[in-house]
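Notes follow the structure.
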Amino acid sequence: MSRLVFNQILNDVLATLDTHISLTNPENESLYMELLYFFGLIGATNECEALEAAWKDPYNRREIEDFIKAWLKKKTRKRKPEQVMIV
């Protein structure tokens, strides 16, 4: 269930970007795990509710958005140009 919440959050963040970035399944999983780890949610009793509550809080929402955008920026710099899917 927390993956569903994460995917909704990721889609919201991606919708705010001017470009379309496509993530592979391993990249999506990596971002998910790093996000949970960074915000101390990994291993929480109910990760889904904790992630959803963090997303609803304005301060945490901005921090989550900034984290995801920075992560995406780092990943697109590391990829080879032909691997980046920008539409």
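Residues in the structure tokens are numbered from 1 in each chain, the chains being A, B, ... in the order shown, and ligands are numbered from 1 in the order shown.
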
- Message: Need to verify the contact set: Phe39 (chain A), 12 Å, only C-alpha atoms, exclusion of same-chain residues closer than 4 positions in sequence. Can you return it as a list in words?
- Response: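 The contact residues come out as Tyr32, Met33, Glu34, Leu35, Gly43, Ala44, Glu47, Ala50, Leu51, Ala54, Trp55, Asn60, Arg61, Glu63, Ile64, Phe67 and Ile68 of chain A.
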
- Query: Which residues in region 32-82 of chain A does DSSP call helix (DSSP H, G or I)? List them as a VMD selection string.
  - Reply: chain A and resid 32 to 38 47 to 56 58 to 78 81 to 82

- In terms of the shortest atom-to-atom distance over only C-alpha atoms, which of A:Thr19, A:Leu36, A:Phe6, A:Val13 is closest to Arg62 (chain A)?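 Ranking A:Thr19, A:Leu36, A:Phe6, A:Val13 by distance to Arg62 (chain A), first place goes to A:Val13.
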
- Message: Which residue is closest to Asn28 (chain A)? Choose from A:Cys48, A:Asn7, A:Tyr59, A:Lys74 and count only C-alpha atoms.
- Response: A:Asn7

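Excluding Asn46 (chain A) and any residue on its chain fewer than 6 positions from it, the residues at most 12 Å away by only C-alpha atoms are Met1, Ser2, Leu36, Glu52 and Ala53 of chain A.
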
Output C-alpha atoms for every residue in the selection just made, as a PDB file, in the first residue's frame.
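As a result, again23.pdb now contains:
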ATOM      1  CA  MET A   1       0.000   0.000   0.000  1.00  0.00           C
ATOM      2  CA  SER A   2       2.830   2.435   0.723  1.00  0.00           C
ATOM      3  CA  LEU A  36      11.840   6.181   3.235  1.00  0.00           C
ATOM      4  CA  GLU A  52       0.782   9.848   3.611  1.00  0.00           C
ATOM      5  CA  ALA A  53       0.815  12.006   6.763  1.00  0.00           C
TER       6      ALA A  53
END

- What is the distance between CA of Thr16 (chain A) and CA of Lys73 (chain A), in Å to one decimal?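 Calculated distance between CA of Thr16 (chain A) and CA of Lys73 (chain A) is 13.9 Å.
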
- Query: Which of these, A:Leu72, A:Lys78, A:Gln8, A:Tyr37, has the shortest distance to Ile21 (chain A) once you count only C-alpha atoms?
  - Reply: A:Leu72

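When CA of Leu23 (chain A) is paired with CA of Lys75 (chain A), their separation reads 9.5 Å.
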
- Message: Just the number, please: distance in Å from CA of Ala70 (chain A) to CA of Ser30 (chain A), one decimal.
- Response: 13.7 Å
